[in-house]
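Pasted below: structure_13.pdb, PDB, C-alpha atoms, pLDDT in the B column.
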```
ATOM      1  CA  MET F   1     116.604 159.033  96.776  1.00 43.00           C
ATOM      2  CA  LEU F   2     113.443 157.815  95.073  1.00 47.00           C
ATOM      3  CA  CYS F   3     111.953 154.750  96.728  1.00 49.00           C
ATOM      4  CA  LEU F   4     109.735 152.758  94.373  1.00 49.00           C
ATOM      5  CA  PRO F   5     107.112 150.398  95.752  1.00 54.00           C
ATOM      6  CA  ILE F   6     108.341 146.810  95.786  1.00 54.00           C
ATOM      7  CA  ALA F   7     105.811 145.655  93.174  1.00 56.00           C
ATOM      8  CA  LEU F   8     106.884 148.373  90.723  1.00 57.00           C
ATOM      9  CA  SER F   9     110.563 147.629  91.337  1.00 59.00           C
ATOM     10  CA  ALA F  10     109.899 143.933  90.708  1.00 62.00           C
ATOM     11  CA  LEU F  11     108.017 144.727  87.476  1.00 62.00           C
ATOM     12  CA  ILE F  12     110.898 146.884  86.226  1.00 68.00           C
ATOM     13  CA  PHE F  13     113.382 144.100  87.043  1.00 66.00           C
ATOM     14  CA  LEU F  14     111.238 141.418  85.383  1.00 69.00           C
ATOM     15  CA  THR F  15     110.727 143.565  82.288  1.00 75.00           C
ATOM     16  CA  ALA F  16     114.465 144.159  81.972  1.00 79.00           C
ATOM     17  CA  THR F  17     115.193 140.461  82.484  1.00 80.00           C
ATOM     18  CA  PHE F  18     112.568 139.418  79.932  1.00 80.00           C
ATOM     19  CA  MET F  19     113.882 141.894  77.363  1.00 83.00           C
ATOM     20  CA  MET F  20     117.490 140.765  77.878  1.00 84.00           C
ATOM     21  CA  LYS F  21     116.476 137.138  77.290  1.00 84.00           C
ATOM     22  CA  ILE F  22     114.552 137.998  74.144  1.00 84.00           C
ATOM     23  CA  ASN F  23     117.058 140.462  72.698  1.00 85.00           C
ATOM     24  CA  ASP F  24     120.319 138.770  73.721  1.00 87.00           C
ATOM     25  CA  PHE F  25     119.351 135.107  73.442  1.00 86.00           C
ATOM     26  CA  LEU F  26     116.343 134.479  71.186  1.00 84.00           C
ATOM     27  CA  TRP F  27     116.742 137.267  68.649  1.00 88.00           C
ATOM     28  CA  PRO F  28     120.277 136.266  67.529  1.00 91.00           C
ATOM     29  CA  ILE F  29     119.073 132.675  67.040  1.00 88.00           C
ATOM     30  CA  TRP F  30     116.088 133.828  64.981  1.00 86.00           C
ATOM     31  CA  VAL F  31     118.347 136.016  62.827  1.00 90.00           C
ATOM     32  CA  ARG F  32     121.038 133.338  62.404  1.00 91.00           C
ATOM     33  CA  LYS F  33     118.451 130.716  61.417  1.00 90.00           C
ATOM     34  CA  ARG F  34     116.639 133.211  59.169  1.00 90.00           C
ATOM     35  CA  LEU F  35     113.399 132.845  61.102  1.00 85.00           C
ATOM     36  CA  ARG F  36     112.623 136.497  61.730  1.00 81.00           C
ATOM     37  CA  SER F  37     110.208 136.794  58.800  1.00 84.00           C
ATOM     38  CA  LYS F  38     108.633 133.388  59.472  1.00 83.00           C
ATOM     39  CA  ILE F  39     108.159 133.340  63.210  1.00 81.00           C
ATOM     40  CA  TYR F  40     105.040 134.262  65.163  1.00 81.00           C
ATOM     41  CA  PHE F  41     105.874 134.873  68.792  1.00 80.00           C
ATOM     42  CA  LYS F  42     103.217 134.130  71.414  1.00 78.00           C
ATOM     43  CA  GLN F  43     103.627 135.576  74.858  1.00 76.00           C
ATOM     44  CA  ASP F  44     101.478 135.212  77.932  1.00 71.00           C
ATOM     45  CA  VAL F  45      99.880 137.947  80.019  1.00 69.00           C
ATOM     46  CA  ALA F  46     102.694 138.407  82.532  1.00 74.00           C
ATOM     47  CA  PRO F  47     102.987 142.183  83.067  1.00 75.00           C
ATOM     48  CA  ALA F  48     106.648 142.231  81.983  1.00 74.00           C
ATOM     49  CA  HIS F  49     105.647 140.681  78.659  1.00 76.00           C
ATOM     50  CA  TYR F  50     103.273 143.469  77.695  1.00 76.00           C
ATOM     51  CA  SER F  51     105.191 146.435  79.065  1.00 82.00           C
ATOM     52  CA  LEU F  52     105.597 149.386  76.730  1.00 84.00           C
ATOM     53  CA  LEU F  53     109.252 148.455  76.249  1.00 85.00           C
ATOM     54  CA  ALA F  54     108.379 144.866  75.265  1.00 84.00           C
ATOM     55  CA  ARG F  55     105.581 145.940  72.916  1.00 86.00           C
ATOM     56  CA  GLN F  56     107.822 148.484  71.193  1.00 89.00           C
ATOM     57  CA  TRP F  57     110.518 145.835  70.711  1.00 87.00           C
ATOM     58  CA  PHE F  58     108.035 143.328  69.245  1.00 87.00           C
ATOM     59  CA  HIS F  59     106.489 145.963  66.957  1.00 89.00           C
ATOM     60  CA  GLU F  60     109.952 146.874  65.667  1.00 90.00           C
ATOM     61  CA  LYS F  61     111.379 143.356  65.281  1.00 88.00           C
ATOM     62  CA  LEU F  62     108.260 141.254  64.566  1.00 86.00           C
ATOM     63  CA  SER F  63     105.865 143.766  63.108  1.00 86.00           C
ATOM     64  CA  GLY F  64     102.415 142.210  63.024  1.00 86.00           C
ATOM     65  CA  ARG F  65     103.784 138.777  63.923  1.00 84.00           C
ATOM     66  CA  TRP F  66     103.407 138.568  67.653  1.00 82.00           C
ATOM     67  CA  ILE F  67     100.510 137.378  69.736  1.00 80.00           C
ATOM     68  CA  GLY F  68      99.875 138.925  73.105  1.00 79.00           C
ATOM     69  CA  ARG F  69      97.999 141.375  75.234  1.00 75.00           C
ATOM     70  CA  ILE F  70      97.735 144.701  73.410  1.00 79.00           C
ATOM     71  CA  GLY F  71      99.485 143.158  70.408  1.00 80.00           C
ATOM     72  CA  PRO F  72      98.678 143.083  66.703  1.00 83.00           C
ATOM     73  CA  ILE F  73      97.202 139.615  67.263  1.00 78.00           C
ATOM     74  CA  GLU F  74      95.320 139.687  70.570  1.00 74.00           C
ATOM     75  CA  TRP F  75      95.610 136.716  72.878  1.00 71.00           C
ATOM     76  CA  ALA F  76      92.165 136.147  74.317  1.00 63.00           C
ATOM     77  CA  ALA F  77      91.740 136.469  78.060  1.00 62.00           C
ATOM     78  CA  ARG F  78      91.574 133.187  79.967  1.00 59.00           C
ATOM     79  CA  SER F  79      92.849 131.293  76.936  1.00 62.00           C
ATOM     80  CA  PRO F  80      93.472 127.574  77.328  1.00 58.00           C
ATOM     81  CA  ASP F  81      96.923 126.548  78.464  1.00 67.00           C
ATOM     82  CA  LEU F  82      98.483 125.287  75.258  1.00 73.00           C
ATOM     83  CA  THR F  83     102.195 125.378  75.969  1.00 76.00           C
ATOM     84  CA  PRO F  84     104.047 122.690  77.897  1.00 81.00           C
ATOM     85  CA  LEU F  85     105.426 125.376  80.187  1.00 77.00           C
ATOM     86  CA  ASP F  86     101.888 126.284  81.248  1.00 78.00           C
ATOM     87  CA  PHE F  87     100.221 122.889  81.540  1.00 80.00           C
ATOM     88  CA  PHE F  88     103.195 120.779  82.592  1.00 84.00           C
ATOM     89  CA  LEU F  89     106.608 122.193  83.490  1.00 84.00           C
ATOM     90  CA  TRP F  90     105.837 124.812  86.143  1.00 83.00           C
ATOM     91  CA  GLY F  91     103.566 122.497  88.122  1.00 86.00           C
ATOM     92  CA  TYR F  92     105.926 119.549  87.760  1.00 89.00           C
ATOM     93  CA  VAL F  93     108.969 121.538  88.898  1.00 87.00           C
ATOM     94  CA  LYS F  94     107.095 123.147  91.776  1.00 88.00           C
ATOM     95  CA  GLN F  95     105.869 119.767  93.003  1.00 90.00           C
ATOM     96  CA  LYS F  96     109.417 118.333  92.968  1.00 89.00           C
ATOM     97  CA  VAL F  97     111.134 121.425  94.398  1.00 88.00           C
ATOM     98  CA  TYR F  98     108.734 121.747  97.352  1.00 87.00           C
ATOM     99  CA  ARG F  99     109.857 118.293  98.543  1.00 90.00           C
ATOM    100  CA  HIS F 100     113.273 119.778  99.402  1.00 88.00           C
ATOM    101  CA  ASN F 101     114.330 121.936 102.305  1.00 87.00           C
ATOM    102  CA  ILE F 102     115.634 124.936 100.362  1.00 85.00           C
ATOM    103  CA  LYS F 103     118.208 126.916 102.323  1.00 87.00           C
ATOM    104  CA  ASN F 104     119.075 129.757  99.965  1.00 86.00           C
ATOM    105  CA  LEU F 105     118.788 131.012  96.388  1.00 84.00           C
ATOM    106  CA  ASP F 106     121.742 128.944  95.133  1.00 86.00           C
ATOM    107  CA  ASP F 107     120.161 125.825  96.621  1.00 87.00           C
ATOM    108  CA  LEU F 108     116.872 126.669  94.896  1.00 86.00           C
ATOM    109  CA  ARG F 109     118.623 127.137  91.534  1.00 85.00           C
ATOM    110  CA  GLN F 110     120.424 123.813  91.924  1.00 89.00           C
ATOM    111  CA  VAL F 111     117.251 121.894  92.796  1.00 89.00           C
ATOM    112  CA  ILE F 112     115.330 123.461  89.888  1.00 88.00           C
ATOM    113  CA  THR F 113     118.172 122.680  87.458  1.00 89.00           C
ATOM    114  CA  GLU F 114     118.447 119.076  88.666  1.00 90.00           C
ATOM    115  CA  THR F 115     114.676 118.649  88.479  1.00 90.00           C
ATOM    116  CA  VAL F 116     114.471 119.874  84.888  1.00 88.00           C
ATOM    117  CA  LYS F 117     117.479 117.772  83.831  1.00 90.00           C
ATOM    118  CA  SER F 118     115.902 114.677  85.376  1.00 91.00           C
ATOM    119  CA  ILE F 119     112.782 114.770  83.182  1.00 89.00           C
ATOM    120  CA  SER F 120     112.835 111.551  81.190  1.00 90.00           C
ATOM    121  CA  SER F 121     112.370 111.246  77.443  1.00 90.00           C
ATOM    122  CA  ASP F 122     109.206 109.194  78.109  1.00 90.00           C
ATOM    123  CA  VAL F 123     107.714 112.070  80.089  1.00 89.00           C
ATOM    124  CA  LEU F 124     108.690 114.540  77.364  1.00 87.00           C
ATOM    125  CA  GLY F 125     107.092 112.295  74.750  1.00 89.00           C
ATOM    126  CA  ASN F 126     103.846 112.331  76.734  1.00 89.00           C
ATOM    127  CA  VAL F 127     104.052 116.128  77.051  1.00 88.00           C
ATOM    128  CA  PHE F 128     104.493 116.541  73.273  1.00 87.00           C
ATOM    129  CA  PHE F 129     101.559 114.202  72.652  1.00 89.00           C
ATOM    130  CA  GLU F 130      99.440 116.250  75.092  1.00 88.00           C
ATOM    131  CA  THR F 131     100.457 119.478  73.338  1.00 85.00           C
ATOM    132  CA  ALA F 132      99.311 118.150  69.964  1.00 86.00           C
ATOM    133  CA  LYS F 133      96.070 116.896  71.519  1.00 87.00           C
ATOM    134  CA  ARG F 134      95.334 120.303  73.062  1.00 84.00           C
ATOM    135  CA  LEU F 135      96.050 122.146  69.819  1.00 81.00           C
ATOM    136  CA  GLN F 136      93.742 119.815  67.881  1.00 85.00           C
ATOM    137  CA  LEU F 137      90.993 120.311  70.484  1.00 83.00           C
ATOM    138  CA  VAL F 138      91.233 124.092  70.047  1.00 79.00           C
ATOM    139  CA  ILE F 139      90.996 123.697  66.261  1.00 78.00           C
ATOM    140  CA  ASP F 140      88.044 121.291  66.567  1.00 83.00           C
ATOM    141  CA  ASN F 141      86.271 123.746  68.895  1.00 80.00           C
ATOM    142  CA  ASN F 142      86.849 126.822  66.715  1.00 75.00           C
ATOM    143  CA  GLY F 143      89.258 128.423  69.191  1.00 71.00           C
ATOM    144  CA  LYS F 144      86.944 128.088  72.185  1.00 72.00           C
ATOM    145  CA  HIS F 145      87.984 126.915  75.608  1.00 73.00           C
ATOM    146  CA  ILE F 146      88.880 123.251  75.901  1.00 77.00           C
ATOM    147  CA  GLU F 147      89.412 122.741  79.636  1.00 75.00           C
ATOM    148  CA  GLN F 148      86.103 120.888  79.974  1.00 76.00           C
ATOM    149  CA  LEU F 149      87.300 118.432  77.291  1.00 77.00           C
ATOM    150  CA  LEU F 150      90.609 117.529  78.910  1.00 75.00           C
TER
END
```
Whole structure given in structure tokens:
Amino acid sequence: MLCLPIALSALIFLTATFMMKINDFLWPIWVRKRLRSKIYFKQDVAPAHYSLLARQWFHEKLSGRWIGRIGPIEWAARSPDLTPLDFFLWGYVKQKVYRHNIKNLDDLRQVITETVKSISSDVLGNVFFETAKRLQLVIDNNGKHIEQLL
């Protein structure tokens, strides 16, 4: 039996999970809403997102219209966090989840789900405002880093 190092096994699992989410969830929505020729997909630098499998899929389905590491449109290293997932959600959820005594994986899933569902519309409004502000700062600074301006 071949025993892969844990990190490699985790990368293979994450790549497969990422590809299932893209192919089985997002892609049918893009096709149904006729977005496939209009959409530009931006991915981060997580290793699963720039695996050979992921890059081949994006080249085939979104030829020239995806932004990422080793993609047709390169995403610059150390780019500013522009998405709400990066600058808000992960930190917010982590802060709330760490207040609980998590007993097992099901408990963790439940706390994460409850935390995300509890985000108020006022908070979301502030997050959308912050997103627009960050995007405008990048435009105003010709694509340069904006962290010092936040």
| field | Counting all atoms listed in the file, the option among F:Ile102, F:Val127, F:Ala48, F:Ile146 closest to Met20 (chain F) | value |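 Checking each candidate against Met20 (chain F), we get F:Ala48 as the closest.
Taking CA of Ile39 (chain F) as the reference point, CA of Thr131 (chain F) is found at 18.8 Å.
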| How many Å lie between CA of Ser121 (chain F) and CA of Val31 (chain F), rounded to one decimal? |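 These two atoms are separated by 29.4 Å.
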| request: Using the chain letters and numbers from the file, give me the residues hit by the PyMOL selection byres ((chain F and resi 22) around 12), as number ranges by chain. | output: F: 15-21, 23-30, 41, 43, 48-49, 53-54, 57-58, 61-62
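Taking CA of Ala132 (chain F) and CA of Glu147 (chain F) as endpoints, the distance between them is 14.6 Å.
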| task | Would you kindly return, as a list in words, each protein, DNA or RNA residue with an atom no farther than 8 Å from any atom of Val93 (chain F), considering only C-alpha atoms and excluding same-chain residues fewer than 4 positions away? | result |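 Final neighbour list, sorted by chain and number: Leu89, Val97, Ile112, Thr115 and Val116 of chain F.
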For region 135-148 of chain F, where the input has fewer atoms than it should, I would like N, CA, C and O atoms rebuilt and written as a PDB file, keeping the file's coordinate frame.
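Writing done, so here's selection-v5.pdb:
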```pdb
ATOM      1  N   LEU F 135      96.163 121.300  71.008  1.00 81.00           N
ATOM      2  CA  LEU F 135      96.050 122.146  69.819  1.00 81.00           C
ATOM      3  C   LEU F 135      94.924 121.662  68.907  1.00 81.00           C
ATOM      4  O   LEU F 135      94.152 122.468  68.382  1.00 81.00           O
ATOM      5  N   GLN F 136      94.812 120.358  68.724  1.00 85.00           N
ATOM      6  CA  GLN F 136      93.742 119.815  67.881  1.00 85.00           C
ATOM      7  C   GLN F 136      92.375 120.090  68.501  1.00 85.00           C
ATOM      8  O   GLN F 136      91.414 120.401  67.785  1.00 85.00           O
ATOM      9  N   LEU F 137      92.268 120.005  69.826  1.00 83.00           N
ATOM     10  CA  LEU F 137      90.993 120.311  70.484  1.00 83.00           C
ATOM     11  C   LEU F 137      90.577 121.761  70.249  1.00 83.00           C
ATOM     12  O   LEU F 137      89.402 122.048  70.025  1.00 83.00           O
ATOM     13  N   VAL F 138      91.540 122.677  70.296  1.00 79.00           N
ATOM     14  CA  VAL F 138      91.233 124.092  70.047  1.00 79.00           C
ATOM     15  C   VAL F 138      90.745 124.268  68.612  1.00 79.00           C
ATOM     16  O   VAL F 138      89.764 124.968  68.359  1.00 79.00           O
ATOM     17  N   ILE F 139      91.415 123.621  67.669  1.00 78.00           N
ATOM     18  CA  ILE F 139      90.996 123.697  66.261  1.00 78.00           C
ATOM     19  C   ILE F 139      89.592 123.126  66.103  1.00 78.00           C
ATOM     20  O   ILE F 139      88.720 123.742  65.474  1.00 78.00           O
ATOM     21  N   ASP F 140      89.352 121.953  66.682  1.00 83.00           N
ATOM     22  CA  ASP F 140      88.044 121.291  66.567  1.00 83.00           C
ATOM     23  C   ASP F 140      86.921 122.108  67.198  1.00 83.00           C
ATOM     24  O   ASP F 140      85.765 121.985  66.811  1.00 83.00           O
ATOM     25  N   ASN F 141      87.275 122.942  68.197  1.00 80.00           N
ATOM     26  CA  ASN F 141      86.271 123.746  68.895  1.00 80.00           C
ATOM     27  C   ASN F 141      86.309 125.211  68.483  1.00 80.00           C
ATOM     28  O   ASN F 141      85.880 126.084  69.233  1.00 80.00           O
ATOM     29  N   ASN F 142      86.835 125.469  67.286  1.00 75.00           N
ATOM     30  CA  ASN F 142      86.849 126.822  66.715  1.00 75.00           C
ATOM     31  C   ASN F 142      87.441 127.864  67.651  1.00 75.00           C
ATOM     32  O   ASN F 142      86.930 128.974  67.769  1.00 75.00           O
ATOM     33  N   GLY F 143      88.542 127.486  68.339  1.00 71.00           N
ATOM     34  CA  GLY F 143      89.258 128.423  69.191  1.00 71.00           C
ATOM     35  C   GLY F 143      88.645 128.638  70.558  1.00 71.00           C
ATOM     36  O   GLY F 143      89.148 129.448  71.331  1.00 71.00           O
ATOM     37  N   LYS F 144      87.585 127.922  70.873  1.00 72.00           N
ATOM     38  CA  LYS F 144      86.944 128.088  72.185  1.00 72.00           C
ATOM     39  C   LYS F 144      87.712 127.321  73.249  1.00 72.00           C
ATOM     40  O   LYS F 144      88.581 126.505  72.955  1.00 72.00           O
ATOM     41  N   HIS F 145      87.330 127.570  74.478  1.00 73.00           N
ATOM     42  CA  HIS F 145      87.984 126.915  75.608  1.00 73.00           C
ATOM     43  C   HIS F 145      87.832 125.397  75.539  1.00 73.00           C
ATOM     44  O   HIS F 145      86.807 124.876  75.089  1.00 73.00           O
ATOM     45  N   ILE F 146      88.854 124.711  75.998  1.00 77.00           N
ATOM     46  CA  ILE F 146      88.880 123.251  75.901  1.00 77.00           C
ATOM     47  C   ILE F 146      89.024 122.557  77.257  1.00 77.00           C
ATOM     48  O   ILE F 146      89.027 121.338  77.314  1.00 77.00           O
ATOM     49  N   GLU F 147      89.149 123.328  78.329  1.00 75.00           N
ATOM     50  CA  GLU F 147      89.412 122.741  79.636  1.00 75.00           C
ATOM     51  C   GLU F 147      88.400 121.650  79.997  1.00 75.00           C
ATOM     52  O   GLU F 147      88.752 120.638  80.579  1.00 75.00           O
ATOM     53  N   GLN F 148      87.151 121.861  79.647  1.00 76.00           N
ATOM     54  CA  GLN F 148      86.103 120.888  79.974  1.00 76.00           C
ATOM     55  C   GLN F 148      86.260 119.587  79.173  1.00 76.00           C
ATOM     56  O   GLN F 148      85.660 118.574  79.514  1.00 76.00           O
TER      57      GLN F 148
END
```
